[in-house]
Amino acid sequence: MSIARENSEMFLKKLFSVYYENKSLYVPMHLEKREFGFFLFEKGIMLRHVSFRTHMELQNYVKTAVPRHIYYSSAFYELPSMKTMNEKKWIGAELIFDIDADHINTPCKKVHDKWTCLDCGHSGFGLPPKRCPVCKSTKIKHDSWICEKCLAKAKEETVKIIEEFLMNDFGISKSEITVFYSGHRGYHIHVNSDFIYQLGQSERREIANYILGINIIPEYHGFLEITSSGKNILLAPQKNDIGWRGRLITALISVIKNIEFFEDVPLSKKKLQIIKSNKQQILHALSMNPPHLKAVRGLNKHDLRSLIVFSAKIFGGKIDAPVTADIKRLIRLPNSLHGKTGFIVKAVPLSEIDSFNPLVDAIAFTKGEVTLKLIDSTPSIIINNETYGPYKKDAYVTVPLSVGVYLLARGKAELGGDINVSEGIFYLG
Amino acid sequence: MSLNLKQLELFAKYPWTTDAKVFLEKLGLTLEEISKKEEYLDIIETAYSKLKEIIIHRKDILITEDSFTELLSFAIMQVLIIASKNRKLAYIYAIAQQKRAYKYLLNENARFLVELAKKEFSWDIVQINRNIGGIIYEFKLHFSNYLGVASSLRDKHWALINRIVSNGYVFMQKKDVARLLSEEVKKRIYRKITQYTSIHLPPILEKYLKKLNQVVAEHLKNDLELPSDKILLDAFPPCIKNILLKVQNGENVSHLARFTLTAFLIGVGMSVDEILNIFKNTPDFDEEIARYQIEHIAGLRGSGIKYSPPSCKTLKTFDLCLEKPECKNQVHPLSYYFFNLRRQSREHRA
């Protein structure tokens, strides 16, 4: 590591230290039954199997160690500091949903996100492909950036999952739901409820699939083939039906209406053209009572079925399924700092979620400036409602501390001048 | 003891209920007493022949005798299975009981099912009468109870997404409630039998156990059958051994566990037919479906991609990793195997 890089790391650590000296960490319920994990500045390894009896113990540990990342277990254990899962003795776990802009295809990704194939060096913009289009390698580095639009989309998705699925379908009450900004590109939803804790992995996987809208079979949701006066028609459910029935028909109508804007409809170009040219006729039949789909020349029932299944996926909540299915996940501790951005992992009360803007409200260091030297080029970023960049590699810039911390933490810049790392140069928000 | 006939009939149908258990306990019969009294010998014989039927024909065992014989033979069958220490037999027996319970539960009315579900399994279930899309739903069951049972059933119509879920409840029809209840019965019986490690039998029952073991040896294959000339079971990682053992014992394993095992066995060079043979013991085996899936994983169908088993990291996430010390620093089950294979052959040479 270069001296400049080393200094930058020390500078970040010093800032984190001041933050932890002054801020109180969030205390999850049943603190003594949780496992904690820490990623330190100095070592590239994760310290796991740590547990605390009191808030004070946790706070003191963090003040001394000043970790780069702090995690705690969604699970409760009898003996959280034991090394193996068997010895820990699992008691139960919160239900977690991870909504990350990385899983949502927003148009602005083509501007600010870049991927590079680690094998052949080929690169492109937007969401990374599963395999490199040139050498078919799966080793692809994704360089993702914070972005107001992506974060707004992730928030919208979070609200949809809470209202549509958790509250309407699963009957979970607001008081059982807590939402946290992840400190980077998304949100975490935690559900705490007596009937949730004991759910195992396959049960949680079912909940994840339900929300994602995958494995849906249209026949079980009122799409039934009947013969009426010699013609085959496909009956559809009603818009105001409960559960996925109503959602599925709403989704299907919306997909047909906007069919031009979807890139990955699993139908041939020819069939898509048929839908486009018969759009009004199809939509009309779906608005009748009872709603139905009539055979259109060139579109068979399998095509309609694929379209319905596709609509469910489009309308489903964009969650990271393995996180939800995991009964012993380590997840970021609220009020800790995200070590790759310097933003606060922050609780967002449901009543304030509409006005919450993480790029303003989750800033840890609101005062002071810092001069940096860019070690990579960056797209423009908006922090605290101001635009910074795009910056070129090797440029020297003087930016507010919040922006500086972000670029340093991302490893895109290093300190650009002699900085006296003393407490007087910055202020916490 | 005062007990009306109707209650005794219920116990004969549902011998796994708490009430039936309490009734038997109150009679205060010990295994010694049962094996000494002439009047019980017929019941022991009945229990044995019912069990034999289950093993040989995999039949559900409907009521054939008087209510008391039915109830007592249920208990004796369990004793014999515990004594046999055969988990696969326990599983097959639990399935037979599940099918039996399903048949009887189907004929009960909604109120009976709701009361039973609440009392025996603490389900949050409500009797309703609601028409959705022309189908009448008689029940709504809390989603956590639903998932507790249905998430282990693989048919797609049990997937939560293919159900009507609203305000915390899953809307259900009678046959589905009866089916899920019968699954609870299976779980309860299997758990109860397998929680005992041994049991002391009086001589007469010991005699029946010997006969039973013979039937088991003839009809229930339990050994690991691998083409040992080319594959070294000893070199398998613990996670794979564990799944393999469960599959061979006829236990139901998760979808991912099946996938992992299949992809691993393909990876070590087994043929589709050899793998098919291993899965033949699973309770809901369907040769056609299984063959299709194995061929798919082997890359002989569909996209043509040959799948590799998940990495240790993924297996850990899905709780399939046993976190054994010998796995330290290992990243993938196949690399573990080949590493071990090389080491063992080196040791052999040395």
# chains A, B, ... in the order shown; residues from 1 in each chain; ligands from 1
>>> residues_around(residues="range 47-49 of chain A", least_positions_apart="5", cutoff="9 Å", atoms="only C-alpha atoms", output="mmCIF file with all heavy atoms, in the first residue's frame")
data_model
loop_
_atom_site.group_PDB
_atom_site.id
_atom_site.type_symbol
_atom_site.label_atom_id
_atom_site.label_comp_id
_atom_site.auth_asym_id
_atom_site.auth_seq_id
_atom_site.Cartn_x
_atom_site.Cartn_y
_atom_site.Cartn_z
ATOM 1 N N GLU A 35 -24.894 -12.510 17.578
ATOM 2 C CA GLU A 35 -23.486 -12.586 17.212
ATOM 3 C C GLU A 35 -23.126 -11.278 16.507
ATOM 4 O O GLU A 35 -23.920 -10.760 15.725
ATOM 5 C CB GLU A 35 -23.261 -13.757 16.254
ATOM 6 C CG GLU A 35 -21.835 -13.830 15.745
ATOM 7 C CD GLU A 35 -21.651 -14.735 14.527
ATOM 8 O OE1 GLU A 35 -22.587 -15.458 14.152
ATOM 9 O OE2 GLU A 35 -20.558 -14.688 13.957
ATOM 10 N N PHE A 36 -21.940 -10.754 16.774
ATOM 11 C CA PHE A 36 -21.462 -9.574 16.059
ATOM 12 C C PHE A 36 -20.267 -9.944 15.189
ATOM 13 O O PHE A 36 -19.522 -10.869 15.494
ATOM 14 C CB PHE A 36 -21.059 -8.463 17.045
ATOM 15 C CG PHE A 36 -22.244 -7.708 17.583
ATOM 16 C CD1 PHE A 36 -23.026 -8.251 18.596
ATOM 17 C CD2 PHE A 36 -22.605 -6.474 17.051
ATOM 18 C CE1 PHE A 36 -24.143 -7.576 19.076
ATOM 19 C CE2 PHE A 36 -23.718 -5.788 17.529
ATOM 20 C CZ PHE A 36 -24.490 -6.339 18.537
ATOM 21 N N GLY A 37 -20.133 -9.216 14.113
ATOM 22 C CA GLY A 37 -18.984 -9.412 13.236
ATOM 23 C C GLY A 37 -18.379 -8.052 12.912
ATOM 24 O O GLY A 37 -19.116 -7.068 12.752
ATOM 25 N N PHE A 38 -17.070 -7.981 12.865
ATOM 26 C CA PHE A 38 -16.394 -6.706 12.601
ATOM 27 C C PHE A 38 -15.365 -6.870 11.505
ATOM 28 O O PHE A 38 -14.619 -7.847 11.477
ATOM 29 C CB PHE A 38 -15.690 -6.205 13.875
ATOM 30 C CG PHE A 38 -16.623 -5.999 15.020
ATOM 31 C CD1 PHE A 38 -16.786 -6.994 15.975
ATOM 32 C CD2 PHE A 38 -17.363 -4.832 15.137
ATOM 33 C CE1 PHE A 38 -17.664 -6.824 17.038
ATOM 34 C CE2 PHE A 38 -18.237 -4.653 16.193
ATOM 35 C CZ PHE A 38 -18.383 -5.640 17.148
ATOM 36 N N PHE A 39 -15.331 -5.899 10.644
ATOM 37 C CA PHE A 39 -14.307 -5.856 9.603
ATOM 38 C C PHE A 39 -13.412 -4.683 9.965
ATOM 39 O O PHE A 39 -13.868 -3.540 10.007
ATOM 40 C CB PHE A 39 -14.986 -5.641 8.257
ATOM 41 C CG PHE A 39 -14.197 -6.182 7.119
ATOM 42 C CD1 PHE A 39 -14.414 -7.478 6.669
ATOM 43 C CD2 PHE A 39 -13.228 -5.407 6.487
ATOM 44 C CE1 PHE A 39 -13.693 -7.989 5.608
ATOM 45 C CE2 PHE A 39 -12.502 -5.925 5.433
ATOM 46 C CZ PHE A 39 -12.725 -7.218 4.989
ATOM 47 N N LEU A 40 -12.155 -4.978 10.243
ATOM 48 C CA LEU A 40 -11.282 -3.917 10.739
ATOM 49 C C LEU A 40 -10.568 -3.194 9.601
ATOM 50 O O LEU A 40 -10.437 -3.712 8.501
ATOM 51 C CB LEU A 40 -10.248 -4.506 11.699
ATOM 52 C CG LEU A 40 -10.838 -5.224 12.914
ATOM 53 C CD1 LEU A 40 -9.742 -5.745 13.818
ATOM 54 C CD2 LEU A 40 -11.785 -4.313 13.703
ATOM 55 N N PRO A 80 -24.022 -17.061 21.496
ATOM 56 C CA PRO A 80 -23.641 -16.443 20.218
ATOM 57 C C PRO A 80 -22.130 -16.391 19.955
ATOM 58 O O PRO A 80 -21.724 -16.244 18.813
ATOM 59 C CB PRO A 80 -24.222 -15.027 20.331
ATOM 60 C CG PRO A 80 -24.536 -14.818 21.754
ATOM 61 C CD PRO A 80 -24.742 -16.142 22.382
ATOM 62 N N SER A 81 -21.301 -16.533 20.979
ATOM 63 C CA SER A 81 -19.868 -16.399 20.712
ATOM 64 C C SER A 81 -19.190 -17.729 20.403
ATOM 65 O O SER A 81 -17.984 -17.775 20.167
ATOM 66 C CB SER A 81 -19.171 -15.707 21.877
ATOM 67 O OG SER A 81 -19.514 -16.338 23.069
ATOM 68 N N MET A 82 -19.952 -18.825 20.384
ATOM 69 C CA MET A 82 -19.338 -20.101 20.007
ATOM 70 C C MET A 82 -19.016 -20.076 18.514
ATOM 71 O O MET A 82 -19.594 -19.311 17.756
ATOM 72 C CB MET A 82 -20.285 -21.263 20.316
ATOM 73 C CG MET A 82 -20.645 -21.411 21.782
ATOM 74 S SD MET A 82 -19.224 -21.530 22.875
ATOM 75 C CE MET A 82 -18.835 -23.266 22.704
ATOM 76 N N LYS A 83 -18.090 -20.976 18.116
ATOM 77 C CA LYS A 83 -17.575 -20.891 16.749
ATOM 78 C C LYS A 83 -18.465 -21.545 15.692
ATOM 79 O O LYS A 83 -18.522 -21.093 14.563
ATOM 80 C CB LYS A 83 -16.177 -21.522 16.669
ATOM 81 C CG LYS A 83 -15.139 -20.822 17.537
ATOM 82 C CD LYS A 83 -14.571 -19.588 16.829
ATOM 83 C CE LYS A 83 -13.510 -18.897 17.659
ATOM 84 N NZ LYS A 83 -14.067 -18.086 18.769
ATOM 85 N N THR A 84 -19.128 -22.623 16.037
ATOM 86 C CA THR A 84 -19.929 -23.282 15.001
ATOM 87 C C THR A 84 -21.411 -23.099 15.293
ATOM 88 O O THR A 84 -21.812 -22.827 16.413
ATOM 89 C CB THR A 84 -19.647 -24.801 14.934
ATOM 90 O OG1 THR A 84 -20.154 -25.393 16.129
ATOM 91 C CG2 THR A 84 -18.174 -25.091 14.802
#
>>> select_by_dssp(residues="range 327-375 of chain A", states="helix (DSSP H, G or I)", output="list in words")
Leu350, Ser351, Glu352, Ile353, Asp354, Ser355, Pro358, Leu359, Val360 and Asp361 of chain A
>>> write_last_selection(atoms="C-alpha atoms", output="PDB file, in the first residue's frame")
ATOM      1  CA  LEU A 350     -42.214   4.557   8.269  1.00  0.00           C
ATOM      2  CA  SER A 351     -43.936   7.893   8.848  1.00  0.00           C
ATOM      3  CA  GLU A 352     -40.892   9.741   7.481  1.00  0.00           C
ATOM      4  CA  ILE A 353     -39.913   7.443   4.645  1.00  0.00           C
ATOM      5  CA  ASP A 354     -41.510   9.607   1.942  1.00  0.00           C
ATOM      6  CA  SER A 355     -39.311  12.563   2.685  1.00  0.00           C
ATOM      7  CA  PRO A 358     -30.224   9.179   2.277  1.00  0.00           C
ATOM      8  CA  LEU A 359     -27.826  11.417   0.372  1.00  0.00           C
ATOM      9  CA  VAL A 360     -28.827  14.226   2.737  1.00  0.00           C
ATOM     10  CA  ASP A 361     -30.158  12.525   5.843  1.00  0.00           C
TER      11      ASP A 361
END
>>> closest_residue(among="A:Val399, A:Ile344, A:Val134, A:Ala208", to="chain B", atoms="only C-alpha atoms")
A:Ala208
>>> interface_residues(of="chain B", to="chain A", cutoff="9 Å", atoms="only C-alpha atoms", output="PyMOL selection string")
chain B and resi 132-133+142-145+147-152+156-157+159-169+254+317-319+322-323
>>> write_last_selection(atoms="C-alpha atoms", output="PDB file, in the first residue's frame")
ATOM      1  CA  ILE B 132     -63.365 -16.445  -4.696  1.00  0.00           C
ATOM      2  CA  GLY B 133     -63.559 -16.850  -8.448  1.00  0.00           C
ATOM      3  CA  HIS B 142     -52.175 -18.495   9.211  1.00  0.00           C
ATOM      4  CA  PHE B 143     -49.302 -18.376   6.730  1.00  0.00           C
ATOM      5  CA  SER B 144     -46.712 -19.380   9.330  1.00  0.00           C
ATOM      6  CA  ASN B 145     -48.588 -22.634  10.056  1.00  0.00           C
ATOM      7  CA  LEU B 147     -45.413 -22.769   5.568  1.00  0.00           C
ATOM      8  CA  GLY B 148     -44.415 -24.946   8.530  1.00  0.00           C
ATOM      9  CA  VAL B 149     -45.849 -27.916   6.657  1.00  0.00           C
ATOM     10  CA  ALA B 150     -46.309 -26.948   3.008  1.00  0.00           C
ATOM     11  CA  SER B 151     -42.761 -25.692   2.444  1.00  0.00           C
ATOM     12  CA  SER B 152     -41.515 -29.286   2.515  1.00  0.00           C
ATOM     13  CA  LYS B 156     -45.906 -26.441  -7.318  1.00  0.00           C
ATOM     14  CA  HIS B 157     -49.471 -26.019  -6.157  1.00  0.00           C
ATOM     15  CA  ALA B 159     -45.884 -23.008  -3.331  1.00  0.00           C
ATOM     16  CA  LEU B 160     -47.108 -20.038  -1.308  1.00  0.00           C
ATOM     17  CA  ILE B 161     -47.243 -17.908  -4.439  1.00  0.00           C
ATOM     18  CA  ASN B 162     -49.851 -20.230  -5.899  1.00  0.00           C
ATOM     19  CA  ARG B 163     -52.176 -19.672  -2.962  1.00  0.00           C
ATOM     20  CA  ILE B 164     -54.543 -16.872  -2.092  1.00  0.00           C
ATOM     21  CA  VAL B 165     -52.891 -15.038   0.792  1.00  0.00           C
ATOM     22  CA  SER B 166     -54.535 -12.089   2.465  1.00  0.00           C
ATOM     23  CA  ASN B 167     -54.089 -10.346   5.799  1.00  0.00           C
ATOM     24  CA  GLY B 168     -51.866 -13.089   7.193  1.00  0.00           C
ATOM     25  CA  TYR B 169     -54.031 -16.021   6.164  1.00  0.00           C
ATOM     26  CA  SER B 254     -34.747 -30.279   0.129  1.00  0.00           C
ATOM     27  CA  THR B 317     -25.845 -20.243   3.433  1.00  0.00           C
ATOM     28  CA  PHE B 318     -28.386 -22.980   2.875  1.00  0.00           C
ATOM     29  CA  ASP B 319     -27.438 -24.899   5.994  1.00  0.00           C
ATOM     30  CA  LEU B 322     -21.847 -29.487   8.454  1.00  0.00           C
ATOM     31  CA  GLU B 323     -18.851 -27.274   9.252  1.00  0.00           C
TER      32      GLU B 323
END
>>> residues_around(residues="Gly299 in chain B", least_positions_apart="6", cutoff="12 Å", atoms="only C-alpha atoms", output="PyMOL selection string")
chain B and resi 262-263+266-267+272+292-293+305-308
>>> atom_distance(atom1="CA of Glu369 in chain A", atom2="CA of Ser8 in chain A")
14.3 Å
>>> select_by_dssp(residues="range 126-313 of chain A", states="strand (DSSP E)", output="compact mmCIF listing (two decimals) with all heavy atoms, in the first residue's frame")
# COMPACT_ATOMS: atom_id res chain seq x y z
N ILE A 140 -16.74 -10.98 -13.20
CA ILE A 140 -17.01 -9.63 -13.66
C ILE A 140 -17.07 -8.67 -12.48
O ILE A 140 -17.75 -8.93 -11.49
CB ILE A 140 -18.32 -9.61 -14.48
CG1 ILE A 140 -18.08 -10.36 -15.79
CG2 ILE A 140 -18.78 -8.19 -14.76
CD1 ILE A 140 -19.28 -10.56 -16.64
N LYS A 141 -16.31 -7.60 -12.59
CA LYS A 141 -16.30 -6.62 -11.52
C LYS A 141 -17.36 -5.56 -11.82
O LYS A 141 -17.45 -5.08 -12.95
CB LYS A 141 -14.90 -5.98 -11.47
CG LYS A 141 -14.69 -5.09 -10.27
CD LYS A 141 -13.29 -4.48 -10.29
CE LYS A 141 -13.39 -3.02 -9.97
NZ LYS A 141 -12.38 -2.20 -10.58
N HIS A 142 -18.14 -5.26 -10.80
CA HIS A 142 -19.21 -4.28 -10.98
C HIS A 142 -18.86 -3.04 -10.18
O HIS A 142 -18.67 -3.10 -8.97
CB HIS A 142 -20.53 -4.90 -10.49
CG HIS A 142 -21.71 -3.99 -10.64
ND1 HIS A 142 -22.87 -4.16 -9.95
CD2 HIS A 142 -21.91 -2.89 -11.42
CE1 HIS A 142 -23.74 -3.22 -10.28
NE2 HIS A 142 -23.18 -2.43 -11.17
N ASP A 143 -18.75 -1.92 -10.86
CA ASP A 143 -18.43 -0.68 -10.19
C ASP A 143 -19.71 0.16 -10.12
O ASP A 143 -20.11 0.79 -11.08
CB ASP A 143 -17.35 0.05 -11.01
CG ASP A 143 -16.69 1.15 -10.19
OD1 ASP A 143 -16.93 1.21 -8.98
OD2 ASP A 143 -15.93 1.94 -10.78
N ILE A 177 -42.51 -3.74 11.88
CA ILE A 177 -41.61 -3.51 10.74
C ILE A 177 -40.65 -2.37 11.04
O ILE A 177 -41.06 -1.31 11.50
CB ILE A 177 -42.44 -3.16 9.47
CG1 ILE A 177 -43.34 -4.34 9.10
CG2 ILE A 177 -41.53 -2.77 8.31
CD1 ILE A 177 -44.33 -4.03 8.00
N THR A 178 -39.36 -2.59 10.80
CA THR A 178 -38.40 -1.48 10.89
C THR A 178 -37.63 -1.42 9.57
O THR A 178 -37.32 -2.45 8.98
CB THR A 178 -37.37 -1.67 12.03
OG1 THR A 178 -37.46 -3.00 12.51
CG2 THR A 178 -37.58 -0.71 13.15
N VAL A 179 -37.36 -0.19 9.14
CA VAL A 179 -36.66 -0.01 7.88
C VAL A 179 -35.35 0.72 8.14
O VAL A 179 -35.30 1.65 8.95
CB VAL A 179 -37.51 0.82 6.90
CG1 VAL A 179 -36.75 1.07 5.60
CG2 VAL A 179 -38.81 0.13 6.59
N PHE A 180 -34.29 0.27 7.48
CA PHE A 180 -33.00 0.94 7.60
C PHE A 180 -32.44 1.24 6.22
O PHE A 180 -32.53 0.40 5.33
CB PHE A 180 -32.00 0.05 8.35
CG PHE A 180 -32.45 -0.33 9.73
CD1 PHE A 180 -33.02 -1.58 9.96
CD2 PHE A 180 -32.36 0.57 10.78
CE1 PHE A 180 -33.46 -1.93 11.23
CE2 PHE A 180 -32.80 0.22 12.05
CZ PHE A 180 -33.35 -1.03 12.28
N TYR A 181 -31.86 2.41 6.09
CA TYR A 181 -31.07 2.70 4.88
C TYR A 181 -29.77 1.91 5.05
O TYR A 181 -29.17 1.93 6.13
CB TYR A 181 -30.81 4.21 4.79
CG TYR A 181 -29.72 4.57 3.81
CD1 TYR A 181 -29.83 4.18 2.47
CD2 TYR A 181 -28.59 5.27 4.20
CE1 TYR A 181 -28.82 4.48 1.56
CE2 TYR A 181 -27.58 5.59 3.30
CZ TYR A 181 -27.70 5.18 1.98
OH TYR A 181 -26.70 5.47 1.09
N GLY A 186 -29.23 0.86 -0.94
CA GLY A 186 -30.54 0.29 -0.73
C GLY A 186 -31.05 0.35 0.68
O GLY A 186 -30.56 1.13 1.50
N TYR A 187 -32.03 -0.49 0.95
CA TYR A 187 -32.72 -0.49 2.23
C TYR A 187 -32.85 -1.91 2.77
O TYR A 187 -32.88 -2.87 1.99
CB TYR A 187 -34.13 0.10 2.07
CG TYR A 187 -34.11 1.59 1.77
CD1 TYR A 187 -33.95 2.05 0.46
CD2 TYR A 187 -34.22 2.52 2.79
CE1 TYR A 187 -33.90 3.41 0.18
CE2 TYR A 187 -34.18 3.88 2.52
CZ TYR A 187 -34.02 4.31 1.22
OH TYR A 187 -33.98 5.66 0.96
N HIS A 188 -32.90 -2.02 4.09
CA HIS A 188 -33.17 -3.31 4.73
C HIS A 188 -34.50 -3.20 5.48
O HIS A 188 -34.71 -2.22 6.18
CB HIS A 188 -32.08 -3.67 5.75
CG HIS A 188 -30.72 -3.81 5.15
ND1 HIS A 188 -29.56 -3.63 5.87
CD2 HIS A 188 -30.32 -4.12 3.90
CE1 HIS A 188 -28.52 -3.82 5.08
NE2 HIS A 188 -28.95 -4.11 3.88
N ILE A 189 -35.33 -4.21 5.32
CA ILE A 189 -36.56 -4.27 6.12
C ILE A 189 -36.39 -5.41 7.13
O ILE A 189 -36.01 -6.52 6.74
CB ILE A 189 -37.80 -4.59 5.24
CG1 ILE A 189 -37.95 -3.58 4.11
CG2 ILE A 189 -39.06 -4.63 6.10
CD1 ILE A 189 -39.03 -3.96 3.09
N HIS A 190 -36.63 -5.13 8.40
CA HIS A 190 -36.58 -6.17 9.43
C HIS A 190 -38.00 -6.40 9.94
O HIS A 190 -38.68 -5.45 10.30
CB HIS A 190 -35.73 -5.74 10.63
CG HIS A 190 -34.27 -5.57 10.30
ND1 HIS A 190 -33.28 -6.01 11.14
CD2 HIS A 190 -33.64 -4.99 9.26
CE1 HIS A 190 -32.10 -5.71 10.62
NE2 HIS A 190 -32.29 -5.09 9.48
N VAL A 191 -38.42 -7.66 10.00
CA VAL A 191 -39.73 -7.97 10.58
C VAL A 191 -39.51 -8.71 11.89
O VAL A 191 -38.81 -9.72 11.93
CB VAL A 191 -40.59 -8.83 9.62
CG1 VAL A 191 -41.93 -9.14 10.26
CG2 VAL A 191 -40.79 -8.12 8.30
N LEU A 224 -58.33 -19.38 -16.39
CA LEU A 224 -58.86 -20.69 -16.73
C LEU A 224 -59.34 -20.72 -18.16
O LEU A 224 -60.02 -19.79 -18.62
CB LEU A 224 -60.03 -21.02 -15.79
CG LEU A 224 -59.69 -21.12 -14.31
CD1 LEU A 224 -60.96 -21.24 -13.48
CD2 LEU A 224 -58.76 -22.29 -14.04
N GLU A 225 -58.99 -21.81 -18.82
CA GLU A 225 -59.40 -21.94 -20.21
C GLU A 225 -60.82 -22.50 -20.26
O GLU A 225 -61.09 -23.53 -19.66
CB GLU A 225 -58.43 -22.89 -20.91
CG GLU A 225 -58.33 -22.63 -22.39
CD GLU A 225 -57.42 -23.63 -23.07
OE1 GLU A 225 -56.63 -24.30 -22.36
OE2 GLU A 225 -57.51 -23.74 -24.28
N ILE A 226 -61.71 -21.80 -20.95
CA ILE A 226 -63.06 -22.35 -21.11
C ILE A 226 -63.45 -22.28 -22.59
O ILE A 226 -62.83 -21.56 -23.37
CB ILE A 226 -64.12 -21.60 -20.26
CG1 ILE A 226 -64.10 -20.10 -20.61
CG2 ILE A 226 -63.89 -21.79 -18.78
CD1 ILE A 226 -65.38 -19.41 -20.18
N THR A 227 -64.46 -23.05 -22.92
CA THR A 227 -64.95 -23.00 -24.30
C THR A 227 -66.31 -22.30 -24.28
O THR A 227 -67.20 -22.70 -23.53
CB THR A 227 -65.09 -24.41 -24.88
OG1 THR A 227 -63.89 -25.11 -24.58
CG2 THR A 227 -65.28 -24.38 -26.38
N SER A 228 -66.40 -21.22 -25.05
CA SER A 228 -67.66 -20.50 -25.08
C SER A 228 -68.07 -20.33 -26.53
O SER A 228 -67.31 -19.81 -27.33
CB SER A 228 -67.47 -19.13 -24.40
OG SER A 228 -68.51 -18.27 -24.73
N LYS A 231 -65.61 -21.31 -29.10
CA LYS A 231 -64.28 -20.68 -29.12
C LYS A 231 -63.59 -20.83 -27.77
O LYS A 231 -64.23 -20.75 -26.72
CB LYS A 231 -64.43 -19.19 -29.43
CG LYS A 231 -64.62 -18.93 -30.91
CD LYS A 231 -64.59 -17.46 -31.17
CE LYS A 231 -64.70 -17.19 -32.68
NZ LYS A 231 -64.97 -15.79 -32.94
N ASN A 232 -62.28 -21.03 -27.82
CA ASN A 232 -61.52 -21.12 -26.58
C ASN A 232 -61.21 -19.72 -26.07
O ASN A 232 -60.65 -18.90 -26.81
CB ASN A 232 -60.21 -21.85 -26.82
CG ASN A 232 -60.44 -23.33 -26.92
OD1 ASN A 232 -61.49 -23.85 -26.52
ND2 ASN A 232 -59.46 -24.03 -27.47
N ILE A 233 -61.57 -19.45 -24.83
CA ILE A 233 -61.12 -18.19 -24.25
C ILE A 233 -60.49 -18.45 -22.88
O ILE A 233 -60.76 -19.45 -22.24
CB ILE A 233 -62.24 -17.13 -24.14
CG1 ILE A 233 -63.35 -17.62 -23.20
CG2 ILE A 233 -62.80 -16.74 -25.47
CD1 ILE A 233 -64.33 -16.51 -22.86
N LEU A 234 -59.64 -17.54 -22.49
CA LEU A 234 -58.95 -17.67 -21.22
C LEU A 234 -59.56 -16.67 -20.25
O LEU A 234 -59.40 -15.46 -20.41
CB LEU A 234 -57.45 -17.39 -21.41
CG LEU A 234 -56.52 -17.71 -20.25
CD1 LEU A 234 -56.54 -19.20 -19.92
CD2 LEU A 234 -55.10 -17.28 -20.58
N LEU A 235 -60.28 -17.21 -19.25
CA LEU A 235 -60.86 -16.34 -18.23
C LEU A 235 -59.75 -15.77 -17.35
O LEU A 235 -58.79 -16.45 -17.06
CB LEU A 235 -61.81 -17.13 -17.34
CG LEU A 235 -63.27 -17.26 -17.75
CD1 LEU A 235 -64.05 -17.92 -16.63
CD2 LEU A 235 -63.88 -15.89 -18.05
N HIS A 292 -61.28 -11.39 -19.66
CA HIS A 292 -60.77 -12.60 -20.33
C HIS A 292 -59.76 -12.25 -21.42
O HIS A 292 -59.61 -11.08 -21.77
CB HIS A 292 -61.94 -13.39 -20.92
CG HIS A 292 -62.74 -12.60 -21.93
ND1 HIS A 292 -63.76 -11.74 -21.56
CD2 HIS A 292 -62.64 -12.52 -23.28
CE1 HIS A 292 -64.26 -11.18 -22.64
NE2 HIS A 292 -63.59 -11.63 -23.70
N LEU A 293 -59.11 -13.26 -21.91
CA LEU A 293 -58.18 -13.08 -23.03
C LEU A 293 -58.72 -13.90 -24.18
O LEU A 293 -58.97 -15.10 -24.03
CB LEU A 293 -56.78 -13.59 -22.64
CG LEU A 293 -55.98 -12.70 -21.69
CD1 LEU A 293 -54.88 -13.50 -21.03
CD2 LEU A 293 -55.37 -11.53 -22.44
N LYS A 294 -58.89 -13.26 -25.32
CA LYS A 294 -59.39 -13.98 -26.48
C LYS A 294 -58.21 -14.42 -27.33
O LYS A 294 -57.16 -13.78 -27.32
CB LYS A 294 -60.28 -13.07 -27.30
CG LYS A 294 -61.74 -13.24 -26.98
CD LYS A 294 -62.58 -12.60 -28.07
CE LYS A 294 -63.90 -12.14 -27.47
NZ LYS A 294 -64.37 -10.89 -28.00
>>> residues_around(residues="Pro400 in chain A", least_positions_apart="2", cutoff="12 Å", atoms="only C-alpha atoms", output="list in words")
Ile363, Ala364, Phe365, Thr366, Lys367, Gly368, Glu369, Val370, Thr371, Leu372, Ile382, Ile383, Asn384, Glu386, Thr387, Tyr388, Val397, Thr398, Ser402, Val403, Gly404, Val405, Tyr406, Leu407, Ile425, Phe426 and Tyr427 of chain A
>>> residues_around(residues="range 125-129 of chain A", least_positions_apart="2", cutoff="10 Å", atoms="only C-alpha atoms", output="list of chain:residue names")
A:Asp102, A:His103, A:Ile104, A:Asn105, A:Thr106, A:Pro107, A:Cys108, A:Lys109, A:Lys110, A:Val111, A:His112, A:Asp113, A:Lys114, A:Trp115, A:Thr116, A:Cys117, A:Ser123, A:Arg131, A:Cys132, A:Pro133, A:Lys136, A:Thr138, A:Ile140, A:Lys141, A:His142, A:Asp143, A:Ser144
>>> residues_around(residues="Leu408 in chain A", least_positions_apart="6", cutoff="12 Å", atoms="only C-alpha atoms", output="PyMOL selection string")
chain A and resi 4-13+15+339-342+370-376+399+401-402+414-416
>>> residues_around(residues="Ala362 in chain A", least_positions_apart="5", cutoff="10 Å", atoms="only C-alpha atoms", output="list of chain:residue names")
A:Tyr181, A:Ser182, A:Gly183, A:His184, A:Asn335, A:Leu337, A:Gly342, A:Phe343, A:Ile344, A:Val345, A:Lys346, A:Ala347, A:Val348, A:Phe356, A:Asn357, A:Asn384, A:Gly429
